[in-house]
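Raw structure24.txt, compact mmCIF, C-alpha atoms:
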# COMPACT_ATOMS: atom_id res chain seq x y z
CA MET A 682 48.55 -32.24 46.94
CA TYR A 683 47.75 -30.96 43.46
CA ASP A 684 44.74 -32.05 41.43
CA LEU A 685 46.82 -32.24 38.26
CA ALA A 686 50.52 -32.13 37.47
CA ILE A 687 51.66 -31.48 33.92
CA VAL A 688 55.17 -32.52 32.93
CA GLY A 689 56.56 -30.19 30.26
CA GLY A 690 56.45 -26.42 29.87
CA GLY A 691 56.14 -26.29 26.09
CA ILE A 692 53.08 -25.07 24.23
CA VAL A 693 51.12 -28.35 24.56
CA GLY A 694 51.62 -28.52 28.33
CA LEU A 695 50.73 -24.85 28.79
CA ALA A 696 47.70 -25.08 26.50
CA THR A 697 46.48 -28.11 28.45
CA ALA A 698 46.74 -26.28 31.78
CA HIS A 699 45.00 -23.27 30.23
CA ALA A 700 42.14 -25.42 28.88
CA ILE A 701 41.63 -27.09 32.26
CA LEU A 702 41.56 -23.81 34.19
CA GLN A 703 39.14 -22.33 31.65
CA GLU A 704 36.62 -25.08 32.39
CA ALA A 705 37.56 -25.99 35.97
CA PRO A 706 39.08 -22.92 37.62
CA ASP A 707 38.98 -24.57 41.03
CA LYS A 708 41.57 -27.19 40.03
CA GLU A 709 45.00 -27.00 41.65
CA ILE A 710 47.47 -27.39 38.77
CA VAL A 711 51.26 -27.46 38.68
CA ILE A 712 53.45 -27.45 35.57
CA LEU A 713 56.87 -29.08 35.99
CA GLU A 714 59.54 -27.92 33.55
CA LYS A 715 63.15 -29.11 33.72
CA GLU A 716 64.56 -25.98 32.08
CA THR A 717 64.87 -22.56 33.72
CA GLU A 718 62.59 -21.04 31.06
CA LEU A 719 59.39 -22.12 29.35
CA ALA A 720 59.23 -23.23 25.70
CA MET A 721 62.98 -23.87 25.44
CA HIS A 722 62.89 -26.75 22.97
CA GLN A 723 60.47 -27.66 20.16
CA THR A 724 58.18 -24.71 20.85
CA GLY A 725 60.99 -22.19 21.16
CA HIS A 726 62.67 -23.42 17.97
CA ASN A 727 59.44 -23.62 15.98
CA SER A 728 59.20 -21.98 12.55
CA GLY A 729 56.13 -20.06 13.74
CA VAL A 730 53.77 -21.29 11.02
CA ILE A 731 50.05 -21.56 11.71
CA HIS A 732 49.25 -24.58 9.56
CA SER A 733 46.05 -25.00 7.59
CA GLY A 734 45.88 -28.82 7.51
CA ILE A 735 46.16 -29.33 3.76
CA TYR A 736 48.74 -32.14 4.02
CA TYR A 737 46.92 -34.39 6.45
CA LYS A 738 44.79 -37.42 5.69
CA PRO A 739 41.08 -36.54 5.83
CA GLY A 740 39.54 -37.87 9.03
CA SER A 741 42.83 -37.99 10.93
CA PHE A 742 43.36 -36.22 14.25
CA LYS A 743 45.98 -34.06 12.54
CA ALA A 744 43.55 -32.82 9.87
CA ALA A 745 40.82 -32.01 12.39
CA PHE A 746 43.20 -30.46 14.90
CA ALA A 747 44.89 -28.30 12.26
CA LYS A 748 41.70 -26.71 10.95
CA ARG A 749 40.11 -26.10 14.34
CA GLY A 750 43.46 -25.28 15.88
CA SER A 751 44.41 -22.63 13.36
CA GLU A 752 41.07 -20.90 13.91
CA SER A 753 41.49 -21.07 17.70
CA MET A 754 45.09 -19.84 17.57
CA LEU A 755 44.23 -16.88 15.35
CA ALA A 756 41.32 -15.94 17.62
CA PHE A 757 43.47 -16.27 20.77
CA CYS A 758 46.24 -14.10 19.36
CA ARG A 759 43.82 -11.39 18.25
CA GLU A 760 42.02 -11.46 21.59
CA THR A 761 45.23 -11.16 23.62
CA GLY A 762 47.09 -8.74 21.36
CA ILE A 763 49.77 -11.19 20.19
CA GLU A 764 51.17 -10.19 16.81
CA VAL A 765 49.90 -12.58 14.15
CA GLU A 766 49.55 -12.49 10.36
CA GLN A 767 47.62 -14.59 7.88
CA CYS A 768 50.17 -14.25 5.10
CA GLY A 769 49.02 -17.31 3.17
CA LYS A 770 51.03 -20.09 1.56
CA VAL A 771 51.72 -21.38 -1.94
CA ILE A 772 52.63 -25.02 -2.61
CA VAL A 773 54.53 -25.03 -5.88
CA ALA A 774 55.03 -27.75 -8.50
CA THR A 775 58.31 -27.07 -10.30
CA LYS A 776 58.36 -30.25 -12.44
CA GLU A 777 55.84 -32.00 -14.68
CA ASP A 778 55.91 -35.15 -12.54
CA GLU A 779 54.78 -33.13 -9.50
CA LEU A 780 51.52 -31.96 -11.08
CA ARG A 781 49.65 -35.16 -10.30
CA GLN A 782 50.73 -34.99 -6.65
CA LEU A 783 49.68 -31.34 -6.58
CA ASP A 784 46.20 -32.33 -7.81
CA GLN A 785 45.95 -34.99 -5.09
CA LEU A 786 47.00 -32.46 -2.49
CA TYR A 787 44.38 -30.02 -3.77
CA ARG A 788 41.65 -32.64 -3.45
CA ARG A 789 42.87 -33.50 0.05
CA GLY A 790 42.69 -29.84 1.06
CA LEU A 791 39.12 -29.58 -0.20
CA ALA A 792 38.21 -32.77 1.68
CA ASN A 793 39.61 -31.16 4.84
CA GLY A 794 37.26 -28.22 4.42
CA LEU A 795 39.82 -25.64 3.33
CA GLU A 796 39.07 -22.72 1.02
CA ILE A 797 41.99 -23.06 -1.37
CA GLU A 798 42.56 -22.40 -5.04
CA LYS A 799 44.61 -23.95 -7.81
CA ILE A 800 46.61 -21.37 -9.76
CA ASP A 801 48.64 -21.58 -12.96
CA ARG A 802 52.11 -20.21 -13.72
CA SER A 803 50.93 -16.71 -14.67
CA GLN A 804 48.77 -16.39 -11.55
CA LEU A 805 51.66 -17.59 -9.40
CA GLN A 806 53.97 -15.02 -10.99
CA LYS A 807 51.58 -12.22 -10.03
CA ILE A 808 51.72 -13.03 -6.31
CA GLU A 809 55.24 -14.54 -6.14
CA PRO A 810 57.17 -13.04 -9.07
CA TYR A 811 60.51 -14.69 -8.20
CA THR A 812 59.12 -18.19 -7.76
CA ASN A 813 59.63 -20.85 -10.41
CA GLY A 814 56.59 -23.04 -10.86
CA LEU A 815 54.31 -24.73 -13.38
CA ALA A 816 51.29 -24.53 -11.06
CA ALA A 817 50.55 -24.06 -7.39
CA ILE A 818 47.95 -24.26 -4.67
CA ARG A 819 47.25 -21.04 -2.82
CA VAL A 820 46.31 -21.55 0.84
CA PRO A 821 45.07 -18.24 2.28
CA GLN A 822 44.48 -19.67 5.79
CA ALA A 823 48.17 -20.21 6.61
CA GLY A 824 49.72 -17.70 8.97
CA ILE A 825 52.70 -16.87 11.17
CA VAL A 826 53.16 -16.11 14.87
CA ASP A 827 55.80 -16.28 17.60
CA TYR A 828 54.80 -19.38 19.60
CA LYS A 829 57.15 -18.45 22.42
CA GLN A 830 55.12 -15.28 22.91
CA VAL A 831 51.95 -17.38 22.89
CA CYS A 832 53.47 -19.46 25.69
CA HIS A 833 54.26 -16.40 27.79
CA VAL A 834 50.65 -15.21 27.52
CA LEU A 835 49.34 -18.69 28.37
CA ALA A 836 51.66 -18.80 31.40
CA GLU A 837 50.39 -15.42 32.61
CA ARG A 838 46.80 -16.60 32.32
CA ILE A 839 47.55 -19.88 34.10
CA GLN A 840 49.22 -18.09 37.00
CA SER A 841 46.46 -15.49 37.20
CA LYS A 842 44.00 -18.36 37.74
CA GLY A 843 46.08 -19.85 40.54
CA GLY A 844 48.16 -22.33 38.56
CA THR A 845 51.73 -23.02 39.64
CA ILE A 846 54.73 -23.20 37.27
CA MET A 847 57.88 -24.81 38.66
CA LEU A 848 60.96 -24.23 36.51
CA GLY A 849 64.20 -26.15 36.90
CA THR A 850 62.22 -29.17 38.11
CA GLU A 851 63.19 -32.40 36.36
CA VAL A 852 60.93 -35.44 36.78
CA VAL A 853 62.77 -38.75 37.19
CA GLN A 854 60.04 -41.16 38.28
CA ILE A 855 56.26 -41.34 38.69
CA GLU A 856 54.60 -43.83 41.05
CA GLU A 857 50.92 -44.52 40.48
CA LYS A 858 49.15 -45.38 43.72
CA LEU A 859 45.51 -46.07 44.49
CA HIS A 860 44.40 -42.48 45.04
CA GLN A 861 47.34 -40.41 43.87
CA ALA A 862 50.54 -40.25 41.87
CA VAL A 863 53.85 -39.57 43.56
CA ILE A 864 56.21 -37.57 41.36
CA HIS A 865 59.92 -37.90 42.06
CA THR A 866 61.96 -34.91 40.90
CA LYS A 867 65.64 -34.18 41.33
CA ASP A 868 64.61 -31.72 44.06
CA GLY A 869 62.12 -33.84 45.98
CA LEU A 870 58.63 -35.34 45.88
CA LEU A 871 55.27 -33.95 44.80
CA GLN A 872 51.84 -35.53 44.89
CA ALA A 873 48.99 -35.13 42.44
CA SER A 874 45.72 -36.89 41.79
CA TYR A 875 46.64 -37.15 38.12
CA VAL A 876 49.69 -36.55 35.93
CA ILE A 877 49.72 -35.49 32.27
CA ASN A 878 52.94 -36.11 30.34
CA CYS A 879 53.55 -33.38 27.74
CA ALA A 880 57.33 -33.74 27.74
CA GLY A 881 57.87 -33.64 23.97
CA LEU A 882 61.40 -34.85 23.24
CA TYR A 883 61.33 -36.82 26.49
CA SER A 884 57.74 -38.06 26.43
CA ASP A 885 58.77 -41.71 25.93
CA ARG A 886 61.19 -41.51 28.85
CA ILE A 887 58.59 -39.97 31.15
CA ALA A 888 56.16 -42.73 30.15
CA LYS A 889 58.86 -45.27 31.00
CA ALA A 890 59.49 -43.48 34.32
CA ALA A 891 55.83 -44.10 35.11
CA GLY A 892 56.19 -47.80 34.28
CA TYR A 893 54.81 -47.81 30.74
CA LEU A 894 56.85 -49.43 28.00
CA THR A 895 55.59 -48.58 24.53
CA ASP A 896 56.59 -49.91 21.12
CA THR A 897 57.71 -46.41 20.12
CA LYS A 898 60.82 -44.35 20.78
CA ILE A 899 61.47 -40.67 20.26
CA VAL A 900 64.26 -40.20 17.72
CA PRO A 901 65.52 -36.60 17.37
CA PHE A 902 65.93 -35.09 13.91
CA ARG A 903 67.66 -31.73 13.61
CA GLY A 904 66.15 -29.29 11.15
CA GLU A 905 68.84 -26.94 9.85
CA TYR A 906 67.97 -23.52 8.45
CA TYR A 907 69.43 -20.53 6.73
CA GLU A 908 67.96 -17.04 6.89
CA LEU A 909 67.71 -14.65 3.97
CA LYS A 910 69.88 -11.57 4.31
CA PRO A 911 68.04 -8.22 4.10
CA GLN A 912 68.86 -7.76 0.39
CA ALA A 913 67.09 -11.03 -0.48
CA LYS A 914 63.95 -10.89 1.69
CA HIS A 915 61.93 -9.32 -1.14
CA TYR A 916 62.04 -12.66 -2.97
CA VAL A 917 59.37 -14.07 -0.62
CA LYS A 918 55.85 -12.67 -0.16
CA HIS A 919 54.03 -15.72 1.23
CA LEU A 920 55.14 -19.02 2.72
CA ILE A 921 56.57 -20.97 -0.24
CA TYR A 922 56.58 -24.77 -0.07
CA PRO A 923 57.45 -27.48 -2.60
CA VAL A 924 55.13 -30.34 -3.46
CA PRO A 925 56.03 -32.94 -0.81
CA ASP A 926 57.69 -36.17 -1.89
CA PRO A 927 55.13 -38.88 -0.97
CA SER A 928 57.96 -41.40 -0.46
CA PHE A 929 59.71 -39.28 2.20
CA PRO A 930 58.31 -38.27 5.61
CA PHE A 931 59.63 -34.68 5.61
CA LEU A 932 58.28 -31.73 3.61
CA GLY A 933 61.54 -30.63 1.99
CA VAL A 934 63.20 -27.23 2.09
CA HIS A 935 60.89 -24.25 1.87
CA PHE A 936 60.74 -20.51 2.56
CA THR A 937 59.07 -19.32 5.75
CA ARG A 938 58.31 -15.71 6.56
CA MET A 939 58.65 -14.98 10.28
CA ILE A 940 56.58 -12.63 12.37
CA GLY A 941 59.67 -10.58 13.26
CA GLY A 942 60.26 -9.74 9.60
CA GLY A 943 62.88 -12.32 8.65
CA VAL A 944 62.62 -15.17 6.16
CA GLU A 945 63.92 -18.66 6.93
CA ALA A 946 64.98 -21.18 4.29
CA GLY A 947 64.98 -24.85 5.12
CA PRO A 948 65.01 -27.20 6.83
CA ASN A 949 66.94 -30.21 5.86
CA ALA A 950 66.50 -33.07 8.33
CA VAL A 951 69.39 -35.05 9.83
CA LEU A 952 69.64 -37.37 12.80
CA GLY A 953 70.41 -35.58 16.06
CA PHE A 954 73.19 -37.17 18.13
CA LYS A 955 71.44 -36.05 21.32
CA ARG A 956 67.85 -35.18 22.12
CA GLU A 957 68.67 -31.49 22.18
CA ALA A 958 71.08 -31.47 19.23
CA TYR A 959 70.76 -27.91 17.98
CA ARG A 960 74.32 -27.89 16.62
CA LYS A 961 76.20 -30.41 14.50
CA THR A 962 78.69 -30.80 17.35
CA ASP A 963 76.05 -31.62 19.98
CA VAL A 964 76.54 -35.25 21.04
CA ALA A 965 75.30 -37.20 24.04
CA LEU A 966 76.60 -40.76 23.96
CA ALA A 967 73.68 -42.11 26.01
CA ASP A 968 71.11 -40.53 23.65
CA LEU A 969 72.97 -41.71 20.55
CA ALA A 970 73.32 -45.25 21.91
CA ASP A 971 69.60 -45.23 22.75
CA THR A 972 68.81 -44.46 19.11
CA LEU A 973 71.33 -46.89 17.61
CA ARG A 974 70.13 -49.77 19.80
CA PHE A 975 66.57 -49.31 18.61
CA PRO A 976 65.69 -51.73 15.74
CA GLY A 977 63.17 -49.29 14.29
CA PHE A 978 65.90 -46.75 13.56
CA TRP A 979 67.85 -49.18 11.36
CA LYS A 980 64.71 -50.20 9.51
CA LEU A 981 63.91 -46.54 8.87
CA ALA A 982 67.50 -45.87 7.77
CA GLY A 983 67.42 -48.84 5.40
CA LYS A 984 64.21 -47.59 3.81
CA TYR A 985 65.29 -43.97 3.35
CA TYR A 986 69.07 -44.24 3.04
CA ARG A 987 69.21 -42.43 -0.32
CA GLN A 988 67.14 -39.49 0.90
CA GLY A 989 69.02 -39.51 4.20
CA ALA A 990 72.37 -39.31 2.42
CA ALA A 991 71.10 -36.35 0.39
CA GLU A 992 70.02 -34.60 3.59
CA TYR A 993 73.49 -35.04 5.11
CA PHE A 994 75.16 -33.89 1.89
CA ARG A 995 73.05 -30.73 2.00
CA SER A 996 73.87 -30.31 5.70
CA PHE A 997 77.62 -30.17 5.12
CA PHE A 998 77.71 -28.42 1.73
CA LYS A 999 75.96 -25.07 1.51
CA SER A 1000 76.09 -25.20 -2.29
CA GLN A 1001 73.81 -28.25 -2.26
CA PHE A 1002 71.40 -26.50 0.08
CA VAL A 1003 71.33 -23.53 -2.30
CA LYS A 1004 70.56 -25.81 -5.27
CA SER A 1005 67.51 -27.15 -3.44
CA LEU A 1006 66.29 -23.63 -2.72
CA GLN A 1007 66.88 -22.57 -6.34
CA GLU A 1008 64.29 -25.10 -7.48
CA LEU A 1009 61.72 -22.77 -5.95
CA ILE A 1010 63.47 -19.39 -6.35
CA PRO A 1011 66.19 -19.54 -9.04
CA ALA A 1012 67.57 -16.08 -8.16
CA ILE A 1013 68.72 -17.19 -4.69
CA GLU A 1014 72.53 -17.27 -4.30
CA ALA A 1015 74.78 -18.51 -1.52
CA ASP A 1016 75.63 -14.91 -0.59
CA ASP A 1017 71.92 -14.29 0.12
CA LEU A 1018 71.96 -16.77 3.01
CA GLU A 1019 73.31 -16.75 6.55
CA ALA A 1020 73.13 -19.55 9.09
CA ALA A 1021 70.06 -19.55 11.35
CA PRO A 1022 69.25 -21.49 14.55
CA ALA A 1023 68.23 -25.11 14.09
CA GLY A 1024 65.29 -26.94 15.62
CA VAL A 1025 64.82 -30.52 16.74
CA ARG A 1026 61.80 -32.62 15.81
CA ALA A 1027 60.72 -35.31 18.27
CA GLN A 1028 59.84 -38.09 15.84
CA ALA A 1029 58.08 -41.09 17.37
CA LEU A 1030 59.34 -44.25 15.68
CA GLN A 1031 57.96 -47.79 15.95
CA HIS A 1032 59.93 -51.04 16.27
CA ASP A 1033 59.11 -51.94 12.67
CA GLY A 1034 60.61 -48.65 11.42
CA GLY A 1035 57.25 -47.01 10.85
CA LEU A 1036 56.83 -43.35 11.70
CA VAL A 1037 54.01 -42.53 14.09
CA ASP A 1038 52.30 -39.97 11.90
CA ASP A 1039 49.35 -39.00 14.11
CA PHE A 1040 48.84 -37.99 17.72
CA GLN A 1041 49.37 -40.80 20.22
CA LEU A 1042 47.93 -40.81 23.73
CA ILE A 1043 48.60 -43.59 26.25
CA ARG A 1044 46.41 -43.78 29.33
CA GLY A 1045 47.75 -45.08 32.64
CA LYS A 1046 46.04 -45.57 35.99
CA ARG A 1047 46.70 -42.03 37.15
CA THR A 1048 48.61 -40.72 34.16
CA LEU A 1049 48.03 -39.72 30.56
CA HIS A 1050 51.02 -39.70 28.23
CA VAL A 1051 51.12 -37.57 25.06
CA CYS A 1052 53.71 -39.79 23.38
CA ASN A 1053 53.51 -38.17 19.98
CA ALA A 1054 52.43 -34.63 19.20
CA PRO A 1055 53.77 -33.97 15.69
CA SER A 1056 53.27 -30.88 13.59
CA PRO A 1057 50.74 -29.21 13.66
CA ALA A 1058 50.97 -29.50 17.47
CA ALA A 1059 51.83 -25.82 17.99
CA THR A 1060 49.07 -24.68 15.62
CA ALA A 1061 46.55 -27.01 17.26
CA SER A 1062 47.79 -26.69 20.84
CA LEU A 1063 44.69 -24.95 22.20
CA GLU A 1064 42.44 -27.66 20.73
CA ILE A 1065 44.81 -30.43 21.85
CA GLY A 1066 44.62 -29.04 25.39
CA LYS A 1067 40.83 -29.24 25.35
CA THR A 1068 40.97 -32.82 24.03
CA ILE A 1069 43.43 -33.90 26.72
CA TRP A 1070 41.19 -32.42 29.42
CA LYS A 1071 38.23 -34.42 28.08
CA GLN A 1072 40.37 -37.57 28.25
CA VAL A 1073 41.30 -36.87 31.88
CA GLN A 1074 37.83 -36.05 33.22
Whole structure given in structure tokens:
Amino acid sequence: MYDLAIVGGGIVGLATAHAILQEAPDKEIVILEKETELAMHQTGHNSGVIHSGIYYKPGSFKAAFAKRGSESMLAFCRETGIEVEQCGKVIVATKEDELRQLDQLYRRGLANGLEIEKIDRSQLQKIEPYTNGLAAIRVPQAGIVDYKQVCHVLAERIQSKGGTIMLGTEVVQIEEKLHQAVIHTKDGLLQASYVINCAGLYSDRIAKAAGYLTDTKIVPFRGEYYELKPQAKHYVKHLIYPVPDPSFPFLGVHFTRMIGGGVEAGPNAVLGFKREAYRKTDVALADLADTLRFPGFWKLAGKYYRQGAAEYFRSFFKSQFVKSLQELIPAIEADDLEAAPAGVRAQALQHDGGLVDDFQLIRGKRTLHVCNAPSPAATASLEIGKTIWKQVQ
């Protein structure tokens, strides 16, 4: 029997196992991952940004996790030899009516303890000469990394300390008994004193498999990207983001430098017709029906139908995507872009249509369920792992 079983082999599950074995190396830990490789979903399709925490409400878990997490992630990468770069980010106001929101964002960043600076058009032009903007916030702390590589190093450390990683092992039910939890997988039974659910896109279903019905459901949103062709990569020196629309829950299209040397442009956000909908043609009728039966989805759709329609329009018409990018970099043309792999965001949604914006942990008798781990979960994963371990002890 294992001391702890962790469901999910993404960066949060691996970071949790790593944190436990750092403090309690005698613990017998097993990670159960349904795929044949680690970090196959949200982690493996992540943009690779190490977030600073400027967007998050002061005092929230997200704000605290982002600041501490970015520091921990940078230190971990440098210690282990993982390639990482603090390239910095600029958040750019391109219209007069965005300046007030930019000021609010600047004050929020200061409240979150960040060392940031407000810059005017001429200062922006010096560091990002192709970017169109009236003013911007420069965030030096932001960086880039390959989170899949981080996962491989975490896995090596976990196994070197005696941890077990079981790939191709899908959990279908968890029974909580007096002194143990019995984990039913498609390949048989396992026993553990405690189970931690870090299943990401399937976290609500694993919670339900353990007998816990929550008022939230994971709704998948596909983030679609383009990548700049080699002749256009010189347009981007930092990470370049727009001022976020406070009435819409997504950040809008932006430019992201990647650690491998490429530059991504995007994403737009559209409903995924299955939980792993990385292509427009990916459909799972059971997943789609699960979303469409959920009242919270229709309330969300009713609230954001105009923005949602614009996202779909941009999804199917490249010219519209290009127009959005040209607001930040006017020189970008359609011929500068080629399709890039999409990602899927596991968005926790409440019955009333509200988005669960912060981390959500649900404690069972012998289980702990991480039912929402939104961005900056990858950035903050090492700190999230430590926090989960404190909750379990």
| request: Could you give me, as a PyMOL selection string, the residues that have an atom at most 12 Å away from the point (42.1, -37.1, 11.8) in the coordinates of the file, using only C-alpha atoms? | output: chain A and resi 734-749+792-793+1038-1041+1057
Leaving out Gln703 of chain A and any residue of its chain fewer than 3 positions from it, which residues lie within 12 Å of it when counting only C-alpha atoms, given as a PDB file with C-alpha atoms, keeping the file's coordinate frame?
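Okay, around-v1.pdb is ready:
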ATOM      1  CA  ALA A 696      47.700 -25.080  26.500  1.00  0.00           C
ATOM      2  CA  THR A 697      46.480 -28.110  28.450  1.00  0.00           C
ATOM      3  CA  ALA A 698      46.740 -26.280  31.780  1.00  0.00           C
ATOM      4  CA  HIS A 699      45.000 -23.270  30.230  1.00  0.00           C
ATOM      5  CA  ALA A 700      42.140 -25.420  28.880  1.00  0.00           C
ATOM      6  CA  PRO A 706      39.080 -22.920  37.620  1.00  0.00           C
ATOM      7  CA  ASP A 707      38.980 -24.570  41.030  1.00  0.00           C
ATOM      8  CA  LYS A 708      41.570 -27.190  40.030  1.00  0.00           C
ATOM      9  CA  LEU A 835      49.340 -18.690  28.370  1.00  0.00           C
ATOM     10  CA  ARG A 838      46.800 -16.600  32.320  1.00  0.00           C
ATOM     11  CA  ILE A 839      47.550 -19.880  34.100  1.00  0.00           C
ATOM     12  CA  SER A 841      46.460 -15.490  37.200  1.00  0.00           C
ATOM     13  CA  LYS A 842      44.000 -18.360  37.740  1.00  0.00           C
ATOM     14  CA  GLY A 843      46.080 -19.850  40.540  1.00  0.00           C
ATOM     15  CA  GLY A 844      48.160 -22.330  38.560  1.00  0.00           C
ATOM     16  CA  LEU A1063      44.690 -24.950  22.200  1.00  0.00           C
ATOM     17  CA  GLY A1066      44.620 -29.040  25.390  1.00  0.00           C
ATOM     18  CA  LYS A1067      40.830 -29.240  25.350  1.00  0.00           C
ATOM     19  CA  TRP A1070      41.190 -32.420  29.420  1.00  0.00           C
TER      20      TRP A1070
END
| Could you pull the residues within 12 Å of Asp926 of chain A, counting all atoms listed in the file, minus those fewer than 2 positions along the same chain, as a PyMOL selection string? | chain A and resi 736+774+778-783+786+922-924+928-934+988
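Atom pair atom CA of Phe902 of chain A / atom CA of Pro976 of chain A has a distance of 16.7 Å (rounded to one decimal).
Between atom CA of His919 of chain A and atom CA of Ile808 of chain A there is a distance of 8.3 Å.
Remark: for Thr1068 of chain A, the closest of the candidate residues A:Leu920, A:Val693, A:Glu856, A:Asp896 is A:Val693 (distances computed over all atoms listed in the file).
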Counting only C-alpha atoms, write as a PDB file with C-alpha atoms, in the coordinates of the input all protein and nucleic acid residues lying at most 8 Å from (61.7, -42.2, 36.3) in the file's frame.
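File out_20.pdb, as written:
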ATOM      1  CA  VAL A 852      60.930 -35.440  36.780  1.00  0.00           C
ATOM      2  CA  VAL A 853      62.770 -38.750  37.190  1.00  0.00           C
ATOM      3  CA  GLN A 854      60.040 -41.160  38.280  1.00  0.00           C
ATOM      4  CA  ILE A 855      56.260 -41.340  38.690  1.00  0.00           C
ATOM      5  CA  HIS A 865      59.920 -37.900  42.060  1.00  0.00           C
ATOM      6  CA  ARG A 886      61.190 -41.510  28.850  1.00  0.00           C
ATOM      7  CA  ILE A 887      58.590 -39.970  31.150  1.00  0.00           C
ATOM      8  CA  LYS A 889      58.860 -45.270  31.000  1.00  0.00           C
ATOM      9  CA  ALA A 890      59.490 -43.480  34.320  1.00  0.00           C
ATOM     10  CA  ALA A 891      55.830 -44.100  35.110  1.00  0.00           C
TER      11      ALA A 891
END
